[in-house]
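Text of entry.txt, listed as compact mmCIF, C-alpha atoms:
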```txt
# COMPACT_ATOMS: atom_id res chain seq x y z
CA MET U 273 -5.24 -7.62 -21.55
CA ILE U 274 -4.47 -10.03 -18.72
CA PRO U 275 -3.54 -13.52 -19.99
CA ARG U 276 -6.32 -16.02 -19.28
CA ASN U 277 -3.86 -18.49 -17.74
CA VAL U 278 -2.19 -15.97 -15.39
CA LYS U 279 -3.35 -17.94 -12.33
CA ASP U 280 -1.03 -20.73 -13.39
CA ASP U 281 1.92 -18.49 -12.50
CA PHE U 282 0.93 -18.53 -8.81
CA PRO U 283 1.55 -21.92 -7.20
CA ILE U 284 -0.35 -21.11 -3.99
CA LEU U 285 -3.58 -20.80 -6.00
CA ARG U 286 -3.39 -24.47 -7.05
CA GLN U 287 -4.10 -25.77 -3.58
CA LYS U 288 -7.39 -26.75 -1.97
CA MET U 289 -8.89 -25.19 1.13
CA HIS U 290 -11.45 -27.31 2.96
CA GLY U 291 -11.69 -29.42 -0.18
CA LYS U 292 -12.34 -26.46 -2.46
CA SER U 293 -10.10 -24.44 -4.76
CA LEU U 294 -8.50 -21.51 -2.99
CA ILE U 295 -9.96 -18.18 -4.06
CA TYR U 296 -7.74 -15.41 -2.75
CA LEU U 297 -9.48 -12.05 -2.34
CA ASP U 298 -7.12 -10.31 0.10
CA SER U 299 -4.48 -8.72 -2.12
CA ALA U 300 -4.92 -5.36 -0.41
CA ALA U 301 -3.29 -7.01 2.62
CA THR U 302 -0.61 -8.85 0.65
CA SER U 303 -0.40 -10.21 -2.87
CA GLN U 304 0.50 -13.73 -3.91
CA LYS U 305 3.85 -14.42 -5.57
CA PRO U 306 4.45 -15.86 -9.03
CA GLN U 307 6.79 -18.81 -9.41
CA GLY U 308 9.45 -16.65 -11.03
CA VAL U 309 9.69 -14.44 -7.94
CA ILE U 310 9.85 -17.45 -5.64
CA ASP U 311 12.60 -18.97 -7.80
CA ALA U 312 14.55 -15.69 -7.78
CA LEU U 313 14.51 -15.61 -3.97
CA VAL U 314 15.82 -19.16 -3.76
CA ARG U 315 18.45 -18.37 -6.39
CA TYR U 316 19.83 -15.52 -4.29
CA TYR U 317 20.47 -17.80 -1.33
CA GLN U 318 21.82 -20.60 -3.51
CA GLU U 319 24.10 -18.59 -5.78
CA TYR U 320 25.20 -15.18 -4.44
CA ASN U 321 24.23 -14.73 -0.79
CA ALA U 322 26.62 -12.07 0.55
CA ASN U 323 26.51 -8.68 2.20
CA VAL U 324 26.30 -5.65 -0.07
CA HIS U 325 28.59 -2.63 -0.54
CA ARG U 326 31.43 -4.20 1.48
CA GLY U 327 32.92 -7.43 0.15
CA ILE U 328 35.62 -7.28 -2.54
CA TYR U 329 34.90 -10.73 -3.95
CA HIS U 330 32.70 -12.02 -6.74
CA ILE U 331 29.43 -12.99 -5.03
CA ALA U 332 29.47 -9.87 -2.82
CA GLU U 333 29.93 -7.71 -5.91
CA GLU U 334 27.13 -9.61 -7.65
CA ALA U 335 24.79 -9.07 -4.68
CA THR U 336 25.66 -5.36 -4.63
CA ARG U 337 25.12 -5.02 -8.38
CA ARG U 338 21.69 -6.65 -8.20
CA TYR U 339 20.69 -4.71 -5.08
CA GLU U 340 21.46 -1.38 -6.74
CA ALA U 341 19.86 -2.55 -9.99
CA SER U 342 16.68 -3.21 -8.05
CA ARG U 343 16.82 0.32 -6.65
CA GLY U 344 16.92 1.51 -10.24
CA LYS U 345 13.97 -0.72 -11.13
CA VAL U 346 11.84 0.77 -8.34
CA ALA U 347 12.88 4.25 -9.48
CA GLY U 348 11.80 3.43 -13.02
CA LEU U 349 8.48 2.00 -11.87
CA ILE U 350 7.37 5.34 -10.41
CA ASN U 351 9.43 7.57 -12.75
CA ALA U 352 11.87 8.93 -10.19
CA ARG U 353 14.51 11.25 -11.64
CA ARG U 354 17.39 9.10 -10.36
CA PRO U 355 17.87 5.84 -8.42
CA GLU U 356 19.42 7.72 -5.50
CA GLU U 357 15.96 9.08 -4.71
CA ILE U 358 14.83 5.60 -3.63
CA ILE U 359 15.47 4.64 0.00
CA PHE U 360 14.91 0.98 0.78
CA THR U 361 12.92 0.27 3.95
CA ARG U 362 11.16 -2.75 5.42
CA SER U 363 7.68 -1.58 4.43
CA THR U 364 5.45 1.35 3.58
CA THR U 365 4.99 1.79 7.32
CA GLU U 366 8.70 2.19 7.93
CA ALA U 367 8.96 4.49 4.91
CA ILE U 368 6.39 6.89 6.40
CA ASN U 369 8.02 6.67 9.82
CA LEU U 370 11.36 7.56 8.23
CA VAL U 371 9.87 10.79 6.89
CA ALA U 372 8.15 11.57 10.20
CA TYR U 373 11.37 11.03 12.12
CA ALA U 374 14.01 12.49 9.80
CA TRP U 375 12.13 15.21 7.92
CA GLY U 376 9.39 15.88 10.47
CA ARG U 377 11.63 16.38 13.49
CA ALA U 378 13.86 18.72 11.51
CA ASN U 379 11.06 20.82 10.03
CA MET U 380 7.98 20.69 12.26
CA ASN U 381 7.62 23.26 15.06
CA GLU U 382 5.05 24.26 17.63
CA GLY U 383 1.88 25.59 16.00
CA ASP U 384 2.64 24.05 12.61
CA GLU U 385 -0.12 21.94 11.08
CA ILE U 386 -0.25 18.48 9.52
CA LEU U 387 -3.21 17.85 7.28
CA ALA U 388 -4.35 14.25 6.76
CA THR U 389 -7.61 12.60 5.67
CA GLU U 390 -10.19 10.62 7.61
CA MET U 391 -9.61 7.60 5.37
CA GLU U 392 -5.94 7.05 6.24
CA HIS U 393 -4.45 3.69 7.15
CA HIS U 394 -3.01 3.79 10.66
CA SER U 395 0.48 3.78 9.11
CA ASN U 396 -0.19 7.23 7.67
CA LEU U 397 -1.82 8.50 10.84
CA VAL U 398 -0.04 7.23 13.97
CA PRO U 399 3.45 8.54 12.97
CA TRP U 400 1.97 12.03 12.54
CA GLN U 401 0.17 11.79 15.88
CA MET U 402 3.49 10.95 17.51
CA LEU U 403 5.27 13.77 15.70
CA ALA U 404 2.56 16.31 16.53
CA ALA U 405 2.62 15.37 20.21
CA GLU U 406 6.40 15.69 20.34
CA ARG U 407 6.72 18.94 18.41
CA GLY U 408 3.57 20.73 19.53
CA ALA U 409 2.06 20.64 16.04
CA LYS U 410 -1.63 20.30 15.21
CA LEU U 411 -3.34 17.57 13.23
CA LYS U 412 -6.31 18.45 11.03
CA PHE U 413 -8.39 16.15 8.87
CA VAL U 414 -10.18 16.24 5.53
CA PRO U 415 -13.54 14.42 5.78
CA PHE U 416 -15.08 12.22 3.11
CA ASP U 417 -18.68 12.25 1.94
CA GLY U 418 -21.32 9.55 1.71
CA GLN U 419 -19.81 8.27 -1.54
CA GLY U 420 -16.37 7.89 0.01
CA LEU U 421 -14.92 10.93 -1.77
CA LEU U 422 -12.85 13.58 -0.04
CA ASP U 423 -14.52 16.93 0.56
CA LEU U 424 -12.15 19.11 -1.42
CA ASP U 425 -13.89 22.32 -0.38
CA VAL U 426 -13.01 21.56 3.22
CA TYR U 427 -9.49 20.63 2.13
CA GLU U 428 -8.99 24.05 0.56
CA ARG U 429 -10.35 25.80 3.65
CA LEU U 430 -7.99 23.85 5.92
CA LEU U 431 -4.88 24.70 3.91
CA ASN U 432 -3.06 27.77 5.20
CA GLU U 433 0.43 29.17 5.76
CA ARG U 434 0.81 27.01 8.91
CA THR U 435 0.29 23.77 6.94
CA LYS U 436 3.69 22.12 6.72
CA LEU U 437 2.64 18.68 5.47
CA VAL U 438 -0.28 17.03 3.71
CA ALA U 439 -0.32 13.25 4.24
CA LEU U 440 -2.83 11.29 2.19
CA THR U 441 -3.45 7.89 0.74
CA HIS U 442 -3.40 7.54 -3.04
CA GLN U 443 -6.03 4.79 -2.83
CA SER U 444 -8.02 3.89 0.26
CA ASN U 445 -7.52 0.33 1.45
CA VAL U 446 -11.16 0.22 2.62
CA LEU U 447 -13.23 2.42 0.31
CA GLY U 448 -11.13 1.86 -2.80
CA THR U 449 -11.27 5.62 -3.40
CA ILE U 450 -8.54 6.96 -5.69
CA ASN U 451 -7.82 10.45 -4.46
CA PRO U 452 -7.01 13.39 -6.80
CA VAL U 453 -3.40 13.59 -5.62
CA LYS U 454 -2.11 15.83 -8.40
CA ASP U 455 -4.70 18.54 -7.82
CA MET U 456 -4.40 18.31 -4.05
CA THR U 457 -0.60 18.56 -4.31
CA ARG U 458 -0.81 21.69 -6.47
CA LYS U 459 -2.99 23.37 -3.84
CA ALA U 460 -0.72 22.25 -0.99
CA HIS U 461 2.37 23.59 -2.72
CA ALA U 462 0.62 26.91 -3.20
CA VAL U 463 0.74 27.44 0.59
CA GLY U 464 4.28 26.03 0.90
CA ALA U 465 3.35 22.60 2.27
CA LYS U 466 5.06 19.33 1.42
CA VAL U 467 2.98 16.32 0.34
CA LEU U 468 3.49 12.69 1.36
CA VAL U 469 1.50 10.01 -0.44
CA ASP U 470 0.87 6.50 0.86
CA GLY U 471 1.11 4.54 -2.38
CA ALA U 472 0.84 1.03 -0.93
CA GLN U 473 -2.53 0.45 -2.61
CA SER U 474 -1.88 2.32 -5.85
CA ALA U 475 1.60 1.41 -7.09
CA PRO U 476 0.78 -2.32 -7.52
CA HIS U 477 -2.37 -1.64 -9.52
CA MET U 478 -1.88 1.33 -11.83
CA PRO U 479 0.86 3.40 -13.48
CA VAL U 480 2.38 5.91 -11.04
CA ASN U 481 4.46 8.90 -12.14
CA VAL U 482 5.80 10.88 -9.18
CA GLN U 483 7.07 13.61 -11.49
CA ASP U 484 3.62 14.16 -12.92
CA LEU U 485 1.96 13.99 -9.50
CA ASP U 486 4.61 16.48 -8.29
CA VAL U 487 4.49 15.09 -4.74
CA ASP U 488 7.41 15.33 -2.32
CA PHE U 489 7.33 11.84 -0.76
CA PHE U 490 5.86 8.58 -2.06
CA ALA U 491 5.85 5.34 -0.03
CA LEU U 492 5.31 1.82 -1.37
CA SER U 493 5.89 -1.87 -0.59
CA ALA U 494 7.06 -4.93 -2.50
CA HIS U 495 4.72 -7.46 -0.94
CA LYS U 496 1.59 -5.86 -2.34
CA MET U 497 2.93 -6.08 -5.91
CA CYS U 498 3.81 -9.76 -6.24
CA GLY U 499 7.12 -9.28 -4.39
CA PRO U 500 8.38 -10.55 -1.04
CA THR U 501 7.56 -9.19 2.39
CA GLY U 502 10.05 -7.07 4.29
CA ALA U 503 10.93 -4.72 1.43
CA GLY U 504 9.55 -1.23 0.94
CA ALA U 505 10.75 2.18 -0.17
CA ILE U 506 10.31 5.88 0.25
CA TRP U 507 10.86 8.13 -2.74
CA ALA U 508 11.62 11.80 -2.27
CA ARG U 509 13.17 14.48 -4.41
CA TYR U 510 16.93 14.30 -3.99
CA GLU U 511 17.32 17.81 -2.63
CA ILE U 512 14.86 16.99 0.18
CA LEU U 513 16.73 13.78 1.05
CA ASP U 514 20.06 15.56 0.96
CA ALA U 515 18.85 18.10 3.52
CA MET U 516 17.34 15.49 5.87
CA PRO U 517 19.27 14.07 8.84
CA PRO U 518 19.71 10.27 9.05
CA PHE U 519 16.99 7.96 10.33
CA HIS U 520 19.15 5.17 11.80
CA GLY U 521 22.79 5.24 12.81
CA GLY U 522 25.32 2.46 12.25
CA GLY U 523 27.44 0.82 9.62
CA GLU U 524 27.33 1.63 5.90
CA MET U 525 25.66 5.04 6.26
CA ILE U 526 28.88 6.73 7.38
CA MET U 527 31.83 8.40 5.70
CA LEU U 528 34.04 8.81 8.76
CA VAL U 529 33.51 7.74 12.36
CA GLN U 530 35.49 9.23 15.23
CA LEU U 531 34.85 8.59 18.89
CA ASP U 532 32.95 11.83 19.36
CA LYS U 533 31.35 12.46 15.95
CA SER U 534 30.62 11.01 12.53
CA THR U 535 30.04 12.23 9.00
CA TYR U 536 27.47 10.62 6.74
CA LYS U 537 27.22 9.40 3.17
CA GLU U 538 24.99 11.02 0.60
CA PRO U 539 21.51 9.65 -0.12
CA PRO U 540 20.39 6.94 -0.39
CA HIS U 541 23.03 5.28 1.79
CA LYS U 542 22.69 7.90 4.53
CA PHE U 543 19.31 6.32 5.36
CA GLU U 544 20.23 2.63 5.07
CA ALA U 545 22.26 1.82 8.17
CA GLY U 546 23.34 -1.76 8.79
CA THR U 547 22.75 -4.87 6.71
CA PRO U 548 19.58 -4.30 4.68
CA ASN U 549 17.01 -6.88 3.64
CA ILE U 550 19.20 -7.80 0.71
CA ALA U 551 17.38 -10.79 -0.72
CA ASP U 552 13.89 -9.29 -0.71
CA CYS U 553 15.02 -5.93 -2.06
CA ILE U 554 16.78 -7.69 -4.93
CA VAL U 555 13.82 -9.93 -5.73
CA TRP U 556 11.48 -6.93 -5.77
CA SER U 557 13.04 -6.25 -9.15
CA ASP U 558 11.75 -9.60 -10.47
CA ALA U 559 8.25 -8.77 -9.27
CA ILE U 560 8.37 -5.41 -11.05
CA ASP U 561 9.53 -7.15 -14.24
CA TYR U 562 6.59 -9.53 -13.97
CA LEU U 563 4.07 -6.70 -13.59
CA GLN U 564 5.60 -4.60 -16.33
CA ASP U 565 5.61 -7.55 -18.73
CA ILE U 566 1.84 -7.75 -18.26
CA GLY U 567 1.46 -3.97 -18.11
CA LEU U 568 0.17 -1.75 -15.31
CA ASP U 569 -2.38 -0.26 -17.71
CA ALA U 570 -3.71 -3.75 -18.43
CA ILE U 571 -3.86 -4.57 -14.72
CA ARG U 572 -5.79 -1.37 -14.02
CA ALA U 573 -8.25 -2.06 -16.86
CA HIS U 574 -8.75 -5.64 -15.67
CA GLU U 575 -9.46 -4.54 -12.10
CA LYS U 576 -11.92 -1.86 -13.21
CA GLN U 577 -13.88 -4.44 -15.17
CA LEU U 578 -13.77 -6.94 -12.33
CA THR U 579 -14.77 -4.36 -9.72
CA ALA U 580 -17.73 -3.26 -11.83
CA TYR U 581 -18.85 -6.87 -12.09
CA ALA U 582 -18.38 -7.43 -8.36
CA ILE U 583 -20.39 -4.35 -7.38
CA SER U 584 -23.17 -5.36 -9.77
CA GLN U 585 -23.37 -8.93 -8.44
CA LEU U 586 -22.96 -8.07 -4.77
CA SER U 587 -25.68 -5.43 -5.00
CA GLU U 588 -28.22 -8.24 -5.49
CA ILE U 589 -27.53 -9.69 -2.03
CA PRO U 590 -30.19 -8.64 0.52
CA GLY U 591 -29.05 -6.42 3.36
CA ILE U 592 -25.65 -5.57 1.90
CA LYS U 593 -24.09 -2.10 2.07
CA ILE U 594 -21.17 -1.58 -0.29
CA LEU U 595 -18.69 1.05 0.83
CA GLY U 596 -16.96 3.57 -1.40
CA PRO U 597 -17.68 5.33 -4.69
CA ARG U 598 -19.52 3.65 -7.56
CA ASP U 599 -17.61 5.63 -10.19
CA LEU U 600 -15.00 3.15 -11.50
CA GLU U 601 -12.72 6.00 -12.55
CA ARG U 602 -12.45 7.01 -8.91
CA ARG U 603 -12.00 3.66 -7.21
CA GLY U 604 -9.63 0.71 -7.37
CA GLY U 605 -10.11 -3.03 -7.03
CA VAL U 606 -11.24 -3.01 -3.40
CA VAL U 607 -14.85 -3.76 -2.45
CA SER U 608 -15.63 -3.53 1.25
CA PHE U 609 -19.14 -4.21 2.47
CA HIS U 610 -21.31 -4.75 5.52
CA LEU U 611 -24.05 -7.37 5.85
CA ASP U 612 -26.94 -6.71 8.21
CA VAL U 613 -27.31 -10.38 9.18
CA ALA U 614 -23.78 -11.20 10.34
CA HIS U 615 -20.64 -9.66 11.80
CA PRO U 616 -17.74 -9.43 9.32
CA HIS U 617 -15.73 -11.96 11.36
CA ASP U 618 -18.56 -14.49 10.96
CA VAL U 619 -18.79 -13.69 7.26
CA ALA U 620 -15.07 -14.34 6.81
CA GLN U 621 -15.23 -17.62 8.73
CA VAL U 622 -18.08 -18.95 6.63
CA LEU U 623 -16.36 -17.87 3.41
CA ASP U 624 -13.16 -19.59 4.53
CA GLN U 625 -15.08 -22.87 4.70
CA GLU U 626 -16.01 -22.22 1.06
CA GLY U 627 -12.33 -21.80 0.15
CA ILE U 628 -12.60 -18.00 -0.11
CA ALA U 629 -10.08 -15.74 1.64
CA VAL U 630 -11.35 -12.23 2.45
CA ARG U 631 -10.39 -9.69 5.11
CA ALA U 632 -12.65 -8.87 8.05
CA GLY U 633 -12.14 -6.15 10.64
CA HIS U 634 -11.25 -2.48 10.63
CA HIS U 635 -8.36 -2.97 8.15
CA CYS U 636 -6.08 -0.68 10.18
CA ALA U 637 -8.51 2.17 9.56
CA GLN U 638 -10.50 2.55 12.77
CA PRO U 639 -11.33 6.26 12.35
CA LEU U 640 -12.74 5.55 8.89
CA HIS U 641 -15.05 2.85 10.21
CA ARG U 642 -16.04 5.01 13.16
CA ARG U 643 -17.01 7.75 10.69
CA LEU U 644 -19.22 5.21 8.88
CA GLY U 645 -20.87 4.14 12.13
CA ILE U 646 -19.63 0.56 12.00
CA SER U 647 -16.87 -1.25 13.88
CA ALA U 648 -15.74 -3.45 11.00
CA SER U 649 -16.37 -4.48 7.41
CA THR U 650 -15.69 -7.39 5.09
CA ARG U 651 -13.26 -6.63 2.30
CA ALA U 652 -12.74 -8.40 -1.02
CA SER U 653 -9.73 -7.05 -2.88
CA PHE U 654 -8.77 -8.07 -6.39
CA TYR U 655 -5.59 -8.41 -8.40
CA LEU U 656 -4.45 -9.60 -11.78
CA TYR U 657 -4.95 -13.29 -10.87
CA ASN U 658 -8.66 -12.86 -10.02
CA ASN U 659 -11.53 -13.25 -12.47
CA GLU U 660 -15.32 -13.22 -12.63
CA ASP U 661 -15.49 -16.85 -11.48
CA ASP U 662 -13.94 -15.70 -8.20
CA VAL U 663 -16.62 -13.05 -7.83
CA ASP U 664 -19.34 -15.62 -8.55
CA ALA U 665 -17.90 -17.88 -5.84
CA LEU U 666 -17.90 -14.93 -3.40
CA VAL U 667 -21.58 -14.25 -4.15
CA ARG U 668 -22.46 -17.92 -3.63
CA GLY U 669 -20.56 -17.88 -0.36
CA LEU U 670 -22.46 -14.83 0.85
CA HIS U 671 -25.73 -16.59 0.10
CA VAL U 672 -24.50 -19.36 2.39
CA VAL U 673 -23.90 -16.71 5.05
CA HIS U 674 -27.46 -15.48 4.60
CA ARG U 675 -28.91 -18.96 4.96
CA MET U 676 -26.93 -19.52 8.16
CA PHE U 677 -27.60 -16.19 9.88
CA SER U 678 -30.91 -14.87 8.62
CA PRO U 679 -33.64 -15.08 11.28
CA ARG U 680 -36.14 -17.84 10.63
CA THR U 681 -39.84 -17.22 11.00
CA ALA U 682 -41.37 -19.48 13.60
CA PRO U 683 -44.08 -21.80 12.20
CA VAL U 684 -47.70 -20.85 12.91
CA THR U 685 -49.42 -23.29 15.30
```
How does this structure look as C-alpha cells?
Amino acid sequence: MIPRNVKDDFPILRQKMHGKSLIYLDSAATSQKPQGVIDALVRYYQEYNANVHRGIYHIAEEATRRYEASRGKVAGLINARRPEEIIFTRSTTEAINLVAYAWGRANMNEGDEILATEMEHHSNLVPWQMLAAERGAKLKFVPFDGQGLLDLDVYERLLNERTKLVALTHQSNVLGTINPVKDMTRKAHAVGAKVLVDGAQSAPHMPVNVQDLDVDFFALSAHKMCGPTGAGAIWARYEILDAMPPFHGGGEMIMLVQLDKSTYKEPPHKFEAGTPNIADCIVWSDAIDYLQDIGLDAIRAHEKQLTAYAISQLSEIPGIKILGPRDLERRGGVVSFHLDVAHPHDVAQVLDQEGIAVRAGHHCAQPLHRRLGISASTRASFYLYNNEDDVDALVRGLHVVHRMFSPRTAPVT
C-alpha cells in the first residue's frame, strides 16, 4: 500500500500554480523527485565530485565505487544476471540508438526485416527507419485494434525467417496498453529474431524481470522513476554485448591505443566512452531505493486502482473519448482522451489555470494518433504521488473546459 503522506516527499508538489495547489499528471513525460534524491544529487557535488575509473585518490575512488554500485542497483531492479549487462546512457532514446548503431549495423543486411508496432514512441521507431534505410532492410508493423490491443494474429503472420529484430514498447505512452512481451518474445525467438523492449513506461511502475521475459534488449530511463534526467540504460545479455562493436570511441573504453588502431575493453566499459553523466547515474540508485522501499507491486496496485477510478469519472464527461483498453490488467496508469469541444492544447491551457499539469499533443507517437484519426490527445498520467483527489480536480477542470468551449444556443427572439 502507498503511504497516505507520500506527497510530502516531493517538494515540488507543495507549491501553488495560479493560486492553486499543483496537481501533476504528466509522469509519463517525467516523474517528480523526492527530497532524498535531490539531497543525494547535491551531496555528490558537495562531497565526492570527481571523475570515475581514473583517479587514484579518495573522492575519485568513492565516485567510482558509487557509480558501479548504481550499475548493480539497476541490474537488480530488472533482474539482470550481472551488473556488466547494464550500459549507462543518457536516456532510453540513446539506449535504443546504441542498439541500432552497434548491433543493427553489424547484423542487419539487405532484405532483412525489422518488426515494430503501430503504437511505438518515435524513439523506438526513428532509429529503425534510419537503420533500414542505410542497410536496405524492411520495416513492418503490427497494428492495434479498437481497444488499443495489438493484433497478435497479424504479428504471427508477419514473423518469418527474414525477421531479425522485433522492437516493441512494454507499455504504450499514449494508450497505456501493456503488451504481452513474454509471449511475443517466445514467438520471435522461434524464427531466430532478437527482441528489443522499450521499458521507459513499464520499469518505473511495475516489477520487471528480463530473465523471465527472455528478451534480448531492454531500455529504461532514470527520470521517469523518480530519478534525475540525463541517465538511462540498455540491458542486454552479456554474450550479445560482448559480440557488439563499440557505439562511441574515446577515452575509458579502450585497452590499448596506437596511432593506427585500438583495442577495446569488455562490456560495459566498451560502450561508455568519455566522462559519463556521473552524478545522475549515481543518484539513480537512490531513486531505485526509494521505489523499492515502497514496493513496485504496491505502486502497480495503486495505479490500477487510480486508473479505474479515473476512467469511471472521466466517462461521465460529455463528448469524451478515452483511448486504450478498459481491462486494468492490460493497461498502466496512463489515460489519454479526446474532447469533442476543444483541441487538446486548449484543454491543457485551461487545466493549467486550474493548477493541473497534463500533456497535450501527439506525445511523440504521430503514427499512433494518425491511426486513430486524430492529430493529438490530452494525456493524464499517474504515479505513486497521485490520488483520487487529483482525479476529482481533473474532472472539475474538464467541466470548466466544457463551459468555456461548448457552443451556446442563441436565445429565441
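Going from CA of Lys593 (chain U) to CA of Ala439 (chain U) covers 28.4 Å.
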Inset, instruction - Work out how far CA of Thr449 (chain U) is from CA of His641 (chain U), in Å to one decimal. - result: 14.4 Å
Closest pair table for region 546-575 of chain U residues within 10 Å of region 647-667 of chain U, all atoms listed in the file, as a tab-separated table:
```
residue	atom	partner	partner_atom	distance
U:Leu563	CA	U:Leu656	CA	9.2
U:Ile566	CA	U:Leu656	CA	9.2
U:Leu568	CA	U:Leu656	CA	9.8
U:Ala570	CA	U:Leu656	CA	8.9
U:Ile571	CA	U:Leu656	CA	5.9
U:Arg572	CA	U:Leu656	CA	8.6
U:Ala573	CA	U:Leu656	CA	9.9
U:His574	CA	U:Leu656	CA	7.0
U:Glu575	CA	U:Tyr655	CA	6.6
```
Output C-alpha atoms for every residue in the selection just made, as a PDB file, in the coordinates of the input.
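That gives us again.pdb:
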```pdb
ATOM      1  CA  LEU U 563       4.070  -6.700 -13.590  1.00  0.00           C
ATOM      2  CA  ILE U 566       1.840  -7.750 -18.260  1.00  0.00           C
ATOM      3  CA  LEU U 568       0.170  -1.750 -15.310  1.00  0.00           C
ATOM      4  CA  ALA U 570      -3.710  -3.750 -18.430  1.00  0.00           C
ATOM      5  CA  ILE U 571      -3.860  -4.570 -14.720  1.00  0.00           C
ATOM      6  CA  ARG U 572      -5.790  -1.370 -14.020  1.00  0.00           C
ATOM      7  CA  ALA U 573      -8.250  -2.060 -16.860  1.00  0.00           C
ATOM      8  CA  HIS U 574      -8.750  -5.640 -15.670  1.00  0.00           C
ATOM      9  CA  GLU U 575      -9.460  -4.540 -12.100  1.00  0.00           C
TER      10      GLU U 575
END
```
Which residues of region 487-597 of chain U have any atom within 12 Å of an atom in region 339-362 of chain U when counting all atoms listed in the file, and what is the closest pair of atoms for each, with the distance in Å to one decimal? Order the rows by chain and rising number and write it as CSV.
```
residue,atom,partner,partner_atom,distance
U:Val487,CA,U:Ala352,CA,11.1
U:Asp488,CA,U:Glu357,CA,10.9
U:Phe489,CA,U:Glu357,CA,9.9
U:Phe490,CA,U:Ile350,CA,9.1
U:Ala491,CA,U:Thr361,CA,9.6
U:Leu492,CA,U:Thr361,CA,9.4
U:Ser493,CA,U:Arg362,CA,8.0
U:Ala494,CA,U:Arg362,CA,9.2
U:His495,CA,U:Arg362,CA,10.2
U:Met497,CA,U:Leu349,CA,11.5
U:Gly499,CA,U:Val346,CA,11.8
U:Pro500,CA,U:Arg362,CA,10.5
U:Thr501,CA,U:Arg362,CA,8.0
U:Gly502,CA,U:Arg362,CA,4.6
U:Ala503,CA,U:Arg362,CA,4.5
U:Gly504,CA,U:Thr361,CA,4.8
U:Ala505,CA,U:Phe360,CA,4.4
U:Ile506,CA,U:Ile359,CA,5.3
U:Trp507,CA,U:Ile358,CA,4.8
U:Ala508,CA,U:Glu357,CA,5.7
U:Arg509,CA,U:Glu357,CA,6.1
U:Tyr510,CA,U:Glu357,CA,5.4
U:Glu511,CA,U:Glu357,CA,9.1
U:Ile512,CA,U:Glu357,CA,9.4
U:Leu513,CA,U:Glu357,CA,7.5
U:Asp514,CA,U:Glu357,CA,9.5
U:Pro518,CA,U:Ile359,CA,11.5
U:Phe519,CA,U:Thr361,CA,10.8
U:His520,CA,U:Thr361,CA,11.2
U:Met525,CA,U:Ile359,CA,12.0
U:Lys537,CA,U:Glu356,CA,11.8
U:Glu538,CA,U:Glu356,CA,8.9
U:Pro539,CA,U:Glu356,CA,6.1
U:Pro540,CA,U:Glu356,CA,5.3
U:His541,CA,U:Ile359,CA,7.8
U:Lys542,CA,U:Ile359,CA,9.1
U:Phe543,CA,U:Ile359,CA,6.8
U:Glu544,CA,U:Phe360,CA,7.0
U:Ala545,CA,U:Thr361,CA,10.4
U:Gly546,CA,U:Thr361,CA,11.7
U:Thr547,CA,U:Thr361,CA,11.4
U:Pro548,CA,U:Phe360,CA,8.1
U:Asn549,CA,U:Arg362,CA,7.4
U:Ile550,CA,U:Tyr339,CA,6.7
U:Ala551,CA,U:Tyr339,CA,8.2
U:Asp552,CA,U:Tyr339,CA,9.3
U:Cys553,CA,U:Tyr339,CA,6.5
U:Ile554,CA,U:Tyr339,CA,4.9
U:Val555,CA,U:Ser342,CA,7.7
U:Trp556,CA,U:Ser342,CA,6.8
U:Ser557,CA,U:Ser342,CA,4.9
U:Asp558,CA,U:Ser342,CA,8.4
U:Ala559,CA,U:Lys345,CA,10.0
U:Ile560,CA,U:Lys345,CA,7.3
U:Asp561,CA,U:Lys345,CA,8.4
U:Tyr562,CA,U:Lys345,CA,11.8
U:Leu563,CA,U:Leu349,CA,9.9
U:Gln564,CA,U:Leu349,CA,8.5
U:Gly567,CA,U:Leu349,CA,11.1
U:Leu568,CA,U:Leu349,CA,9.7
```
Inset, instruction - State, in Å with one decimal place, the distance from CA of Thr365 (chain U) to CA of Asp298 (chain U). - result: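 CA of Asp298 (chain U) lies 18.6 Å from CA of Thr365 (chain U).
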Starting from the sparse input, extend region 523-532 of chain U to N, CA and C atoms and give the output as a compact mmCIF listing (two decimals), keeping the file's coordinate frame.
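As a result, result-v1.txt now contains:
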```txt
# COMPACT_ATOMS: atom_id res chain seq x y z
N GLY U 523 26.54 1.08 10.74
CA GLY U 523 27.44 0.82 9.62
C GLY U 523 26.82 1.18 8.28
N GLU U 524 27.66 1.40 7.31
CA GLU U 524 27.33 1.63 5.90
C GLU U 524 26.85 3.04 5.61
N MET U 525 26.19 3.70 6.55
CA MET U 525 25.66 5.04 6.26
C MET U 525 26.67 6.13 6.60
N ILE U 526 27.89 5.76 6.92
CA ILE U 526 28.88 6.73 7.38
C ILE U 526 30.00 6.94 6.37
N MET U 527 30.59 8.13 6.43
CA MET U 527 31.83 8.40 5.70
C MET U 527 33.03 8.24 6.62
N LEU U 528 32.94 8.85 7.80
CA LEU U 528 34.04 8.81 8.76
C LEU U 528 33.47 8.79 10.16
N VAL U 529 33.95 7.83 10.97
CA VAL U 529 33.51 7.74 12.36
C VAL U 529 34.70 8.02 13.28
N GLN U 530 34.55 8.98 14.14
CA GLN U 530 35.49 9.23 15.23
C GLN U 530 34.78 8.93 16.54
N LEU U 531 35.47 8.94 17.62
CA LEU U 531 34.85 8.59 18.89
C LEU U 531 33.77 9.57 19.30
N ASP U 532 33.90 10.82 18.90
CA ASP U 532 32.95 11.83 19.36
C ASP U 532 32.02 12.36 18.27
```
